[in-house]
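Enquirer: Dropping in model22.txt, with compact mmCIF, C-alpha atoms (C1' of nucleotides).
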# COMPACT_ATOMS: atom_id res chain seq x y z
CA MET C 1 52.63 173.68 301.45
CA PRO C 2 55.04 176.50 300.65
CA ARG C 3 57.65 176.96 303.30
CA TRP C 4 59.12 180.44 302.87
CA ASP C 5 56.30 182.66 301.91
CA PRO C 6 52.84 181.24 302.27
CA GLU C 7 51.45 184.66 301.49
CA ALA C 8 52.96 185.02 298.04
CA LYS C 9 49.89 183.70 296.25
CA GLU C 10 47.53 185.72 298.40
CA ARG C 11 49.62 188.87 297.94
CA LEU C 12 49.45 188.43 294.18
CA ARG C 13 45.71 187.88 294.32
CA ALA C 14 45.14 190.99 296.41
CA ALA C 15 47.45 193.15 294.29
CA ALA C 16 45.70 191.97 291.15
CA LEU C 17 42.24 192.77 292.49
CA GLU C 18 43.41 196.25 293.48
CA LEU C 19 44.95 196.99 290.09
CA PHE C 20 42.02 195.57 288.16
CA THR C 21 39.68 197.79 290.15
CA GLU C 22 41.88 200.87 289.78
CA HIS C 23 42.80 200.67 286.10
CA GLY C 24 40.53 198.01 284.66
CA TYR C 25 41.38 194.42 283.87
CA GLU C 26 42.65 195.08 280.35
CA ASN C 27 44.95 197.92 281.32
CA ALA C 28 46.64 196.22 284.25
CA THR C 29 49.67 194.13 283.31
CA VAL C 30 51.07 191.10 285.06
CA THR C 31 54.31 192.99 285.63
CA GLN C 32 52.45 195.72 287.50
CA ILE C 33 50.76 193.12 289.67
CA THR C 34 54.03 191.46 290.60
CA GLU C 35 55.70 194.79 291.30
CA ARG C 36 52.93 195.70 293.72
CA ALA C 37 53.26 192.32 295.39
CA GLY C 38 57.05 192.56 295.51
CA LEU C 39 57.62 189.54 293.28
CA THR C 40 58.57 188.84 289.68
CA ARG C 41 56.54 188.04 286.63
CA ARG C 42 58.02 184.57 286.48
CA THR C 43 56.75 183.80 289.96
CA PHE C 44 53.25 184.87 288.98
CA SER C 45 53.27 182.24 286.27
CA ARG C 46 54.12 179.55 288.79
CA TYR C 47 51.02 180.28 290.83
CA PHE C 48 48.57 181.10 288.07
CA ALA C 49 48.27 179.62 284.60
CA ASP C 50 47.46 183.02 283.12
CA LYS C 51 46.38 186.52 284.00
CA ARG C 52 42.71 185.58 284.28
CA ASP C 53 43.36 182.76 286.67
CA VAL C 54 44.33 185.09 289.48
CA LEU C 55 40.64 185.92 289.93
CA PHE C 56 39.62 182.28 290.25
CA ALA C 57 42.04 181.05 292.89
CA GLY C 58 40.49 178.35 295.02
CA SER C 59 37.70 177.51 292.63
CA GLU C 60 39.37 174.19 291.82
CA GLN C 61 37.75 172.78 294.93
CA LEU C 62 34.22 173.65 293.90
CA PRO C 63 33.61 170.73 291.54
CA ASP C 64 34.55 168.15 294.16
CA ALA C 65 32.57 169.95 296.83
CA MET C 66 29.42 170.00 294.74
CA ALA C 67 29.85 166.42 293.58
CA ASP C 68 30.29 165.28 297.18
CA ALA C 69 27.17 167.16 298.19
CA VAL C 70 25.26 165.19 295.57
CA ARG C 71 26.80 161.93 296.74
CA HIS C 72 25.94 162.60 300.36
CA ALA C 73 22.32 163.51 299.71
CA ASP C 74 19.67 161.18 301.14
CA PRO C 75 20.14 157.91 299.20
CA SER C 76 16.38 157.47 298.83
CA LEU C 77 16.03 160.66 296.76
CA PRO C 78 15.77 160.37 292.98
CA PRO C 79 18.60 162.06 291.02
CA PHE C 80 17.16 165.51 290.49
CA GLN C 81 15.85 165.79 294.05
CA ALA C 82 19.28 164.82 295.30
CA LEU C 83 20.72 167.53 293.14
CA LEU C 84 18.37 170.15 294.56
CA ALA C 85 19.28 169.09 298.09
CA ALA C 86 22.94 169.43 297.21
CA LEU C 87 22.36 172.89 295.79
CA VAL C 88 20.81 174.01 299.04
CA ALA C 89 23.73 172.62 301.02
CA ALA C 90 26.18 174.35 298.69
CA GLY C 91 24.27 177.59 298.93
CA ASP C 92 25.09 177.83 302.61
CA LEU C 93 28.70 177.48 301.60
CA PHE C 94 28.47 180.52 299.37
CA ALA C 95 26.44 182.64 301.76
CA GLY C 96 29.48 183.99 303.57
CA LEU C 97 31.32 184.90 300.40
CA VAL C 98 28.63 187.11 298.91
CA SER C 99 29.81 190.39 300.37
CA GLN C 100 33.53 189.72 299.91
CA ALA C 101 32.99 188.81 296.29
CA ALA C 102 31.30 192.06 295.25
CA GLN C 103 34.48 193.69 294.02
CA ARG C 104 35.48 190.53 292.19
CA ARG C 105 32.09 190.32 290.52
CA ALA C 106 32.40 193.89 289.28
CA VAL C 107 35.74 193.14 287.66
CA ILE C 108 34.44 190.01 285.98
CA ALA C 109 31.39 191.85 284.71
CA SER C 110 33.67 194.37 283.00
CA SER C 111 35.55 191.87 280.85
CA PRO C 112 34.23 189.33 278.36
CA GLU C 113 37.47 187.39 278.77
CA LEU C 114 36.75 186.91 282.45
CA GLN C 115 33.14 185.94 281.91
CA GLU C 116 34.44 183.34 279.51
CA ARG C 117 36.67 181.90 282.19
CA GLU C 118 33.89 181.97 284.74
CA ARG C 119 31.74 179.85 282.47
CA THR C 120 34.62 177.40 282.23
CA LYS C 121 34.81 177.08 285.99
CA LEU C 122 31.06 176.57 286.13
CA ALA C 123 31.31 173.92 283.43
CA ALA C 124 33.86 172.07 285.54
CA VAL C 125 31.37 172.00 288.39
CA THR C 126 28.64 170.74 286.09
CA GLU C 127 30.92 168.01 284.81
CA ALA C 128 31.71 166.80 288.31
CA VAL C 129 28.01 166.76 289.16
CA VAL C 130 27.36 164.64 286.07
CA GLU C 131 29.66 161.97 287.43
CA ALA C 132 27.99 162.08 290.84
CA LEU C 133 24.55 161.73 289.24
CA ARG C 134 25.77 158.77 287.23
CA GLU C 135 26.81 157.09 290.44
CA ARG C 136 23.22 157.48 291.53
CA GLY C 137 22.03 155.53 288.53
CA ALA C 138 21.36 158.18 285.91
CA THR C 139 22.54 157.54 282.37
CA GLU C 140 25.34 159.67 281.00
CA SER C 141 22.97 161.55 278.75
CA SER C 142 20.36 162.16 281.44
CA ALA C 143 22.98 163.15 283.97
CA LYS C 144 24.35 165.78 281.61
CA MET C 145 20.96 167.31 281.07
CA LEU C 146 20.02 167.22 284.74
CA ALA C 147 23.30 168.74 285.83
CA GLN C 148 22.91 171.59 283.37
CA VAL C 149 19.35 172.20 284.52
CA GLY C 150 20.52 172.05 288.12
CA THR C 151 23.06 174.75 287.34
CA ALA C 152 20.34 176.90 285.81
CA VAL C 153 18.12 176.45 288.86
CA PHE C 154 21.00 177.29 291.16
CA GLN C 155 21.90 180.46 289.31
CA THR C 156 18.29 181.58 289.24
CA ALA C 157 17.72 180.88 292.91
CA PHE C 158 20.99 182.50 293.92
CA GLU C 159 20.30 185.62 291.92
CA ARG C 160 16.79 186.01 293.32
CA TRP C 161 18.04 185.39 296.81
CA SER C 162 20.89 187.89 296.43
CA ASP C 163 18.33 190.52 295.46
CA GLN C 164 16.03 189.76 298.42
CA PRO C 165 18.10 188.00 301.08
CA ALA C 166 15.78 189.07 303.87
CA ASP C 167 12.44 187.92 302.50
CA THR C 168 13.09 184.23 302.07
CA ASP C 169 15.92 181.79 302.60
CA PHE C 170 17.95 180.26 299.84
CA ALA C 171 16.42 176.80 300.19
CA THR C 172 12.98 178.21 299.50
CA GLN C 173 14.24 180.01 296.41
CA VAL C 174 15.63 176.74 295.09
CA GLN C 175 12.33 174.94 295.64
CA GLU C 176 10.36 177.76 294.06
CA ALA C 177 12.61 177.96 291.02
CA ALA C 178 12.35 174.21 290.51
CA ALA C 179 8.57 174.35 290.91
CA GLU C 180 8.32 177.22 288.45
CA LEU C 181 10.38 175.29 285.93
CA ALA C 182 8.19 172.22 286.36
CA ALA C 183 5.11 174.34 285.70
CA HIS C 184 6.60 175.68 282.49
CA LEU C 185 7.50 172.18 281.32
CA THR C 186 4.01 170.71 281.76
CA PRO C 187 1.67 172.89 279.68
CA MET Z 1 31.22 193.33 251.27
CA PRO Z 2 34.93 193.19 250.50
CA ARG Z 3 35.71 194.28 246.98
CA TRP Z 4 39.15 192.89 246.12
CA ASP Z 5 39.31 189.52 247.69
CA PRO Z 6 36.10 188.14 249.06
CA GLU Z 7 37.89 184.88 249.64
CA ALA Z 8 40.55 186.18 251.99
CA LYS Z 9 38.58 185.37 255.13
CA GLU Z 10 37.55 181.99 253.80
CA ARG Z 11 41.13 181.21 252.74
CA LEU Z 12 42.34 182.00 256.24
CA ARG Z 13 39.63 179.85 257.75
CA ALA Z 14 40.44 176.90 255.52
CA ALA Z 15 44.19 177.22 256.06
CA ALA Z 16 43.70 177.39 259.80
CA LEU Z 17 41.54 174.27 259.88
CA GLU Z 18 44.14 172.39 257.85
CA LEU Z 19 47.03 173.44 260.06
CA PHE Z 20 45.14 172.77 263.27
CA THR Z 21 44.33 169.30 262.04
CA GLU Z 22 47.88 168.61 260.85
CA HIS Z 23 49.89 169.96 263.78
CA GLY Z 24 47.36 170.56 266.53
CA TYR Z 25 45.83 173.84 267.58
CA GLU Z 26 48.56 174.78 270.05
CA ASN Z 27 51.43 174.13 267.68
CA ALA Z 28 50.06 176.03 264.71
CA THR Z 29 50.91 179.73 264.70
CA VAL Z 30 49.01 182.58 263.14
CA THR Z 31 52.00 183.33 260.93
CA GLN Z 32 51.88 179.81 259.50
CA ILE Z 33 48.18 180.20 258.78
CA THR Z 34 48.68 183.47 256.94
CA GLU Z 35 51.62 182.08 254.97
CA ARG Z 36 49.49 179.19 253.78
CA ALA Z 37 46.73 181.59 252.83
CA GLY Z 38 49.16 183.94 251.10
CA LEU Z 39 48.46 186.84 253.46
CA THR Z 40 50.13 188.56 256.39
CA ARG Z 41 49.66 188.20 260.11
CA ARG Z 42 48.32 191.72 260.33
CA THR Z 43 45.54 190.91 257.92
CA PHE Z 44 44.54 187.93 260.01
CA SER Z 45 44.01 190.26 262.95
CA ARG Z 46 41.65 192.38 260.90
CA TYR Z 47 39.35 189.46 260.18
CA PHE Z 48 39.56 187.63 263.49
CA ALA Z 49 39.87 189.02 266.98
CA ASP Z 50 42.28 186.27 267.96
CA LYS Z 51 43.57 182.87 266.94
CA ARG Z 52 40.57 181.03 268.39
CA ASP Z 53 38.08 183.15 266.54
CA VAL Z 54 39.03 181.67 263.17
CA LEU Z 55 37.13 178.51 264.13
CA PHE Z 56 33.94 180.37 264.94
CA ALA Z 57 33.49 182.48 261.83
CA GLY Z 58 29.84 182.97 261.04
CA SER Z 59 28.57 182.05 264.47
CA GLU Z 60 27.68 185.70 265.10
CA GLN Z 61 24.44 185.08 263.22
CA LEU Z 62 23.33 182.22 265.42
CA PRO Z 63 21.96 184.29 268.30
CA ASP Z 64 19.70 186.34 266.05
CA ALA Z 65 18.61 183.24 264.15
CA MET Z 66 17.57 181.42 267.32
CA ALA Z 67 15.92 184.49 268.80
CA ASP Z 68 13.91 184.99 265.62
CA ALA Z 69 12.86 181.36 265.66
CA VAL Z 70 11.46 181.94 269.15
CA ARG Z 71 9.72 185.12 268.05
CA HIS Z 72 8.11 183.45 265.06
CA ALA Z 73 6.81 180.46 266.97
CA ASP Z 74 3.01 180.12 267.20
CA PRO Z 75 1.92 183.13 269.31
CA SER Z 76 -0.52 180.99 271.28
CA LEU Z 77 2.26 178.82 272.71
CA PRO Z 78 3.45 179.49 276.24
CA PRO Z 79 7.17 180.51 276.53
CA PHE Z 80 8.80 177.14 276.99
CA GLN Z 81 6.71 175.43 274.32
CA ALA Z 82 7.65 178.23 271.94
CA LEU Z 83 11.27 177.62 272.80
CA LEU Z 84 10.98 173.92 272.05
CA ALA Z 85 9.35 174.68 268.71
CA ALA Z 86 12.19 177.06 267.91
CA LEU Z 87 14.77 174.40 268.81
CA VAL Z 88 13.20 172.00 266.37
CA ALA Z 89 13.22 174.63 263.64
CA ALA Z 90 16.87 175.42 264.38
CA GLY Z 91 17.77 171.75 264.40
CA ASP Z 92 16.91 171.51 260.70
CA LEU Z 93 19.28 174.38 260.18
CA PHE Z 94 22.12 172.44 261.75
CA ALA Z 95 21.33 169.14 260.08
CA GLY Z 96 23.31 169.96 256.96
CA LEU Z 97 26.34 171.13 258.85
CA VAL Z 98 26.83 167.98 260.87
CA SER Z 99 29.16 166.20 258.49
CA GLN Z 100 31.14 169.28 257.47
CA ALA Z 101 31.67 170.20 261.10
CA ALA Z 102 33.24 166.91 262.14
CA GLN Z 103 36.81 168.10 261.59
CA ARG Z 104 36.07 171.35 263.39
CA ARG Z 105 34.57 169.45 266.32
CA ALA Z 106 37.68 167.31 266.63
CA VAL Z 107 39.92 170.37 266.83
CA ILE Z 108 37.74 172.01 269.45
CA ALA Z 109 37.65 168.84 271.51
CA SER Z 110 41.45 168.84 271.62
CA SER Z 111 41.85 172.24 273.22
CA PRO Z 112 40.39 173.58 276.48
CA GLU Z 113 40.88 177.10 275.12
CA LEU Z 114 38.58 176.36 272.22
CA GLN Z 115 35.96 174.70 274.38
CA GLU Z 116 35.99 177.85 276.46
CA ARG Z 117 35.28 179.94 273.40
CA GLU Z 118 32.54 177.58 272.28
CA ARG Z 119 30.76 178.03 275.57
CA THR Z 120 30.95 181.76 275.03
CA LYS Z 121 29.30 181.48 271.64
CA LEU Z 122 26.60 179.28 273.16
CA ALA Z 123 26.09 181.80 275.93
CA ALA Z 124 25.51 184.50 273.32
CA VAL Z 125 22.76 182.38 271.81
CA THR Z 126 21.20 181.85 275.23
CA GLU Z 127 21.29 185.57 275.90
CA ALA Z 128 19.51 186.37 272.66
CA VAL Z 129 16.87 183.76 273.45
CA VAL Z 130 16.35 185.38 276.84
CA GLU Z 131 15.39 188.62 275.14
CA ALA Z 132 13.01 186.83 272.78
CA LEU Z 133 11.32 185.04 275.69
CA ARG Z 134 10.95 188.35 277.50
CA GLU Z 135 9.10 189.71 274.50
CA ARG Z 136 6.71 186.81 274.95
CA GLY Z 137 5.92 187.95 278.45
CA ALA Z 138 8.38 186.03 280.61
CA THR Z 139 10.15 187.91 283.39
CA GLU Z 140 13.88 188.48 283.04
CA SER Z 141 14.64 185.92 285.73
CA SER Z 142 12.32 183.26 284.32
CA ALA Z 143 13.52 183.87 280.79
CA LYS Z 144 17.12 183.31 281.86
CA MET Z 145 16.29 180.02 283.49
CA LEU Z 146 14.13 178.81 280.64
CA ALA Z 147 16.71 179.74 278.02
CA GLN Z 148 19.41 177.83 279.90
CA VAL Z 149 17.16 174.82 280.25
CA GLY Z 150 16.27 175.08 276.59
CA THR Z 151 19.95 174.98 275.74
CA ALA Z 152 20.37 171.86 277.86
CA VAL Z 153 17.44 170.19 276.14
CA PHE Z 154 18.79 171.11 272.75
CA GLN Z 155 22.25 169.75 273.46
CA THR Z 156 20.83 166.53 274.84
CA ALA Z 157 18.46 166.02 271.93
CA PHE Z 158 21.11 166.88 269.37
CA GLU Z 159 23.64 164.51 270.90
CA ARG Z 160 21.16 161.64 271.05
CA TRP Z 161 20.02 162.32 267.53
CA SER Z 162 23.62 162.48 266.25
CA ASP Z 163 24.20 159.04 267.75
CA GLN Z 164 21.06 157.55 266.21
CA PRO Z 165 20.02 159.72 263.29
CA ALA Z 166 18.13 156.90 261.60
CA ASP Z 167 15.90 155.74 264.43
CA THR Z 168 13.98 158.92 265.15
CA ASP Z 169 13.89 162.48 263.91
CA PHE Z 170 15.27 165.44 265.77
CA ALA Z 171 11.86 166.85 266.71
CA THR Z 172 11.00 163.64 268.52
CA GLN Z 173 14.28 163.72 270.42
CA VAL Z 174 13.51 167.25 271.59
CA GLN Z 175 10.05 166.23 272.78
CA GLU Z 176 11.38 163.15 274.54
CA ALA Z 177 14.18 165.04 276.26
CA ALA Z 178 11.71 167.66 277.48
CA ALA Z 179 9.32 164.95 278.69
CA GLU Z 180 12.11 163.14 280.48
CA LEU Z 181 13.14 166.35 282.19
CA ALA Z 182 9.57 167.02 283.26
CA ALA Z 183 9.37 163.54 284.76
CA HIS Z 184 12.53 164.14 286.77
CA LEU Z 185 11.23 167.47 288.05
CA THR Z 186 7.93 166.10 289.36
CA PRO Z 187 8.82 163.30 291.78
C1' DG X 1 40.22 210.90 234.39
C1' DC X 2 39.97 211.61 239.50
C1' DA X 3 38.91 211.95 244.34
C1' DG X 4 37.21 208.75 247.77
C1' DT X 5 37.13 204.36 250.17
C1' DG X 6 38.43 200.16 251.90
C1' DA X 7 41.72 196.14 251.89
C1' DT X 8 46.33 194.99 252.43
C1' DG X 9 51.49 195.02 253.54
C1' DA X 10 55.46 196.60 256.14
C1' DC X 11 57.24 198.02 260.26
C1' DC X 12 57.05 198.48 265.15
C1' DC X 13 56.16 197.71 270.08
C1' DA X 14 54.30 196.20 274.65
C1' DC X 15 52.78 192.20 276.73
C1' DT X 16 52.24 187.16 277.58
C1' DG X 17 53.54 182.52 278.49
C1' DT X 18 57.30 179.45 279.06
C1' DG X 19 61.97 177.16 279.28
C1' DT X 20 66.36 177.17 281.68
C1' DC X 21 69.67 177.96 285.06
C1' DA X 22 71.50 179.88 289.40
C1' DT X 23 70.59 181.12 294.05
C1' DC X 24 68.77 180.89 298.45
C1' DA X 25 66.00 179.30 302.59
C1' DC X 26 64.62 175.73 305.06
C1' DT X 27 64.20 170.56 306.06
C1' DG X 28 65.76 166.17 307.90
C1' DC X 29 69.52 163.27 308.72
C1' DT X 30 74.04 162.21 310.45
C1' DA R 1 77.24 171.56 313.77
C1' DG R 2 77.48 170.05 309.13
C1' DC R 3 75.54 168.58 304.86
C1' DA R 4 72.80 166.88 301.05
C1' DG R 5 68.13 167.38 299.43
C1' DT R 6 64.07 170.07 298.23
C1' DG R 7 61.28 173.67 296.89
C1' DA R 8 60.58 178.74 296.13
C1' DT R 9 62.32 182.54 293.79
C1' DG R 10 64.99 185.66 290.55
C1' DA R 11 67.45 186.59 286.23
C1' DC R 12 67.59 186.03 281.55
C1' DA R 13 66.02 184.61 277.02
C1' DC R 14 62.73 183.69 273.36
C1' DA R 15 58.74 182.78 270.36
C1' DG R 16 54.24 184.20 269.75
C1' DT R 17 50.26 187.48 270.14
C1' DG R 18 47.52 191.61 269.62
C1' DG R 19 47.35 196.01 268.05
C1' DG R 20 48.88 200.99 266.38
C1' DT R 21 50.39 203.55 262.34
C1' DC R 22 51.44 204.69 257.79
C1' DA R 23 51.97 203.89 252.82
C1' DT R 24 50.24 201.60 248.92
C1' DC R 25 47.11 199.72 245.87
C1' DA R 26 42.55 198.29 243.67
C1' DC R 27 38.25 199.36 242.76
C1' DT R 28 34.04 202.55 243.15
C1' DG R 29 31.13 206.40 241.63
C1' DC R 30 31.35 210.90 239.99
Have the structure of the file written as structure tokens, please.
Expert:
Amino acid sequence: MPRWDPEAKERLRAAALELFTEHGYENATVTQITERAGLTRRTFSRYFADKRDVLFAGSEQLPDAMADAVRHADPSLPPFQALLAALVAAGDLFAGLVSQAAQRRAVIASSPELQERERTKLAAVTEAVVEALRERGATESSAKMLAQVGTAVFQTAFERWSDQPADTDFATQVQEAAAELAAHLTP
Amino acid sequence: MPRWDPEAKERLRAAALELFTEHGYENATVTQITERAGLTRRTFSRYFADKRDVLFAGSEQLPDAMADAVRHADPSLPPFQALLAALVAAGDLFAGLVSQAAQRRAVIASSPELQERERTKLAAVTEAVVEALRERGATESSAKMLAQVGTAVFQTAFERWSDQPADTDFATQVQEAAAELAAHLTP
DNA sequence: GCAGTGATGACCCACTGTGTCATCACTGCT
DNA sequence: AGCAGTGATGACACAGTGGGTCATCACTGC
């Protein structure tokens, strides 16, 4: 817990998002960000590992959150069903962030570097889920595959739901995506 | 086709792999690489976008190769079966590289930065496969999900096969991984 | 020969990431 | 109130990166 200026990190994050939107991610420099936030470049480095990281603040908690959701799913469910249940629970978690994240999404979409980092964050989530699935009895190899497939199902369901939030709820989209995948797998 | 020194790129690649192995990826500098290759830092930049890229030379062709494999699969096969067939075909392509790539794999495993880039290259393959699946009649959304799942199946099969190359062939591992996934999906 | 083209070298510059040290605000203890 | 401890910040320095520009050189096709 910082004592003097709890807002420093948040100020940097906000300033960065503004500058990235105004001038593009590539053109904005760390120095410009810190000037807008009233801080120095050195301080930026203490909060964020690099320039990209400022757009992913807070995402460190995601892996644990998802893994816990898998752990807390009904113990009688087999691994993949537990994973689906966890996805639904996590989806509710994201629901509120959708609108606020629009600007952020636009910035990320504009830069390959940022998409690269986003995949890394997603991979960290997948990795944490692997461990949780192992605790449910899956082998390492199976857990890896299932976690990756779970990620694919989540992304598909979330995208479809974002396009048509009114028609159906997120849980239904998850079930439908999983059912569609199962149909494709059994010819 | 370069006219004066077709080996320049290859010399840089080889020098980089040596230095990364000797001193670690982080500690080796681009200047050291170019000195070993008898070139200048500026020339390095003309061949590779950045320091990481030197480890992924040639991977630009992978997306097209995989997409073509999907396109040339038996036209009567439904999308996911076509994808599996393409994975098997591509697996033969990788078989020869396994041993030569060991050193490269070790370097990548040692650096989060490089793993990040590797995911990017894999994502490019997935994206190309999405387009090929669309040409086979899948919707954009389905194609995305199937391509991601195909990637998961491939990685699983390849890993298992690398561990036990003698016991079974790669095609069998692909079929078994897909069957296992199907079993998990239908509870 | 000779102009054209593409690879390279030399020089230069803004930016990044990081180490180090001093300063300053606030805490808890006496 | 005073004081040592702690953590955030600023000031400064430095190696390394990525990229712009221009001159030079080797090889091509005419």
Enquirer: Just need the residues of chain C within 10 Å of chain Z, counting only C-alpha atoms, so spit them out as a tab-separated table (two decimals) with C-alpha atoms, in the frame of the given file.
Expert:
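Dumped to part_29.tsv:
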chain	number	residue	atom	x	y	z
C	77	LEU	CA	16.03	160.66	296.76
C	78	PRO	CA	15.77	160.37	292.98
C	79	PRO	CA	18.60	162.06	291.02
C	80	PHE	CA	17.16	165.51	290.49
C	81	GLN	CA	15.85	165.79	294.05
C	112	PRO	CA	34.23	189.33	278.36
C	113	GLU	CA	37.47	187.39	278.77
C	115	GLN	CA	33.14	185.94	281.91
C	116	GLU	CA	34.44	183.34	279.51
C	117	ARG	CA	36.67	181.90	282.19
C	118	GLU	CA	33.89	181.97	284.74
C	119	ARG	CA	31.74	179.85	282.47
C	120	THR	CA	34.62	177.40	282.23
C	121	LYS	CA	34.81	177.08	285.99
C	123	ALA	CA	31.31	173.92	283.43
C	141	SER	CA	22.97	161.55	278.75
C	142	SER	CA	20.36	162.16	281.44
C	143	ALA	CA	22.98	163.15	283.97
C	144	LYS	CA	24.35	165.78	281.61
C	145	MET	CA	20.96	167.31	281.07
C	146	LEU	CA	20.02	167.22	284.74
C	147	ALA	CA	23.30	168.74	285.83
C	148	GLN	CA	22.91	171.59	283.37
C	149	VAL	CA	19.35	172.20	284.52
C	150	GLY	CA	20.52	172.05	288.12
C	151	THR	CA	23.06	174.75	287.34
C	152	ALA	CA	20.34	176.90	285.81
C	153	VAL	CA	18.12	176.45	288.86
C	154	PHE	CA	21.00	177.29	291.16
C	155	GLN	CA	21.90	180.46	289.31
C	156	THR	CA	18.29	181.58	289.24
C	157	ALA	CA	17.72	180.88	292.91
C	159	GLU	CA	20.30	185.62	291.92
C	160	ARG	CA	16.79	186.01	293.32
C	177	ALA	CA	12.61	177.96	291.02
C	178	ALA	CA	12.35	174.21	290.51
C	179	ALA	CA	8.57	174.35	290.91
C	180	GLU	CA	8.32	177.22	288.45
C	181	LEU	CA	10.38	175.29	285.93
C	182	ALA	CA	8.19	172.22	286.36
C	183	ALA	CA	5.11	174.34	285.70
C	184	HIS	CA	6.60	175.68	282.49
C	185	LEU	CA	7.50	172.18	281.32
C	186	THR	CA	4.01	170.71	281.76
C	187	PRO	CA	1.67	172.89	279.68
Enquirer: Wanna dump the chain R-chain C contacts at 9 Å for me, each residue with its shortest atom pair and the distance in Å to one decimal, counting all atoms listed in the file, ordered by chain and number, as a tab-separated table?
Expert:
residue	atom	partner	partner_atom	distance
R:DG7	C1'	C:Pro2	CA	7.8
R:DA8	C1'	C:Trp4	CA	7.1
R:DT9	C1'	C:Thr43	CA	6.9
R:DG10	C1'	C:Thr40	CA	7.2
Enquirer: Okay, now the selection with C-alpha atoms (C1' of nucleotides), as a PDB file, in the frame of the given file?
Expert:
ATOM      1  C1'  DG R   7      61.280 173.670 296.890  1.00  0.00           C
ATOM      2  C1'  DA R   8      60.580 178.740 296.130  1.00  0.00           C
ATOM      3  C1'  DT R   9      62.320 182.540 293.790  1.00  0.00           C
ATOM      4  C1'  DG R  10      64.990 185.660 290.550  1.00  0.00           C
TER       5       DG R  10
END
Enquirer: If we count only C-alpha atoms (C1' of nucleotides), which residues of chain C reach to within 10 Å of chain X? Please list them as a list in words.
Expert: Arg3, Trp4, Thr29, Val30, Thr31, Arg42, Ser45, Ala49, Asp50 and Lys51 of chain C
Enquirer: Suppose you want the space between CA of Gly91 in chain C and CA of Leu55 in chain C; what is it in Å?
Expert: 20.5 Å
Enquirer: Rounded to one decimal place, report the CA of Asp92 in chain C-CA of Thr168 in chain C distance in Å.
Expert: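 Separation of CA of Asp92 in chain C and CA of Thr168 in chain C: 13.6 Å.
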Enquirer: Report the distance between CA of Ala37 in chain Z and CA of Ile108 in chain Z in Å, rounded to one decimal place.
Expert: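 According to the coordinates, CA of Ala37 in chain Z and CA of Ile108 in chain Z are separated by 21.2 Å.
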Enquirer: I'd like to know which of C:Phe44, C:Glu18, C:Ala89, C:Gly58 is closest to Ala73 in chain C, using all atoms listed in the file.
Expert: C:Ala89
Enquirer: Taking all atoms listed in the file into account, name the residue in Z:Pro75, Z:Thr34, Z:Thr126, Z:Phe20 that is nearest to Leu87 in chain Z.
Expert: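 Among the listed residues, the smallest separation from Leu87 in chain Z belongs to Z:Thr126.
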Enquirer: Counting only C-alpha atoms, figure out which residue out of C:Ala16, C:Ala106, C:Asp68, C:Thr21 gets nearest to Val54 in chain C.
Expert: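 Of all the options, C:Ala16 lies closest to Val54 in chain C.
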Enquirer: Name all residues at most 9 Å from Glu135 in chain Z (count all atoms listed in the file; drop same-chain ones fewer than 4 positions away) and give them as a PyMOL selection string.
Expert: chain Z and resi 71+130-131
Enquirer: Quick one: axis-aligned box around all listed atoms of range 108-116 of chain Z, 6 Å on every side, centre and edge lengths in Å to one decimal, written as JSON.
Expert:
{"center_x": 38.9, "center_y": 173.3, "center_z": 273.0, "size_x": 17.9, "size_y": 21.0, "size_z": 19.0}
Enquirer: Could you add N, CA and C atoms to range 50-58 of chain Z and give me the result as a CSV table (one decimal), in the frame of the given file?
Expert:
chain,number,residue,atom,x,y,z
Z,50,ASP,N,41.1,187.0,267.5
Z,50,ASP,CA,42.3,186.3,268.0
Z,50,ASP,C,42.3,184.9,267.3
Z,51,LYS,N,43.3,184.2,267.6
Z,51,LYS,CA,43.6,182.9,266.9
Z,51,LYS,C,42.4,181.9,267.1
Z,52,ARG,N,41.7,181.9,268.2
Z,52,ARG,CA,40.6,181.0,268.4
Z,52,ARG,C,39.4,181.4,267.4
Z,53,ASP,N,39.3,182.7,267.2
Z,53,ASP,CA,38.1,183.2,266.5
Z,53,ASP,C,37.9,182.6,265.1
Z,54,VAL,N,39.1,182.2,264.5
Z,54,VAL,CA,39.0,181.7,263.2
Z,54,VAL,C,38.2,180.4,263.1
Z,55,LEU,N,38.0,179.7,264.2
Z,55,LEU,CA,37.1,178.5,264.1
Z,55,LEU,C,35.7,178.8,264.4
Z,56,PHE,N,35.3,180.0,264.6
Z,56,PHE,CA,33.9,180.4,264.9
Z,56,PHE,C,33.4,181.4,264.0
Z,57,ALA,N,34.0,181.5,262.8
Z,57,ALA,CA,33.5,182.5,261.8
Z,57,ALA,C,32.1,182.2,261.5
Z,58,GLY,N,31.2,183.2,261.4
Z,58,GLY,CA,29.8,183.0,261.0
Z,58,GLY,C,28.9,182.7,262.2
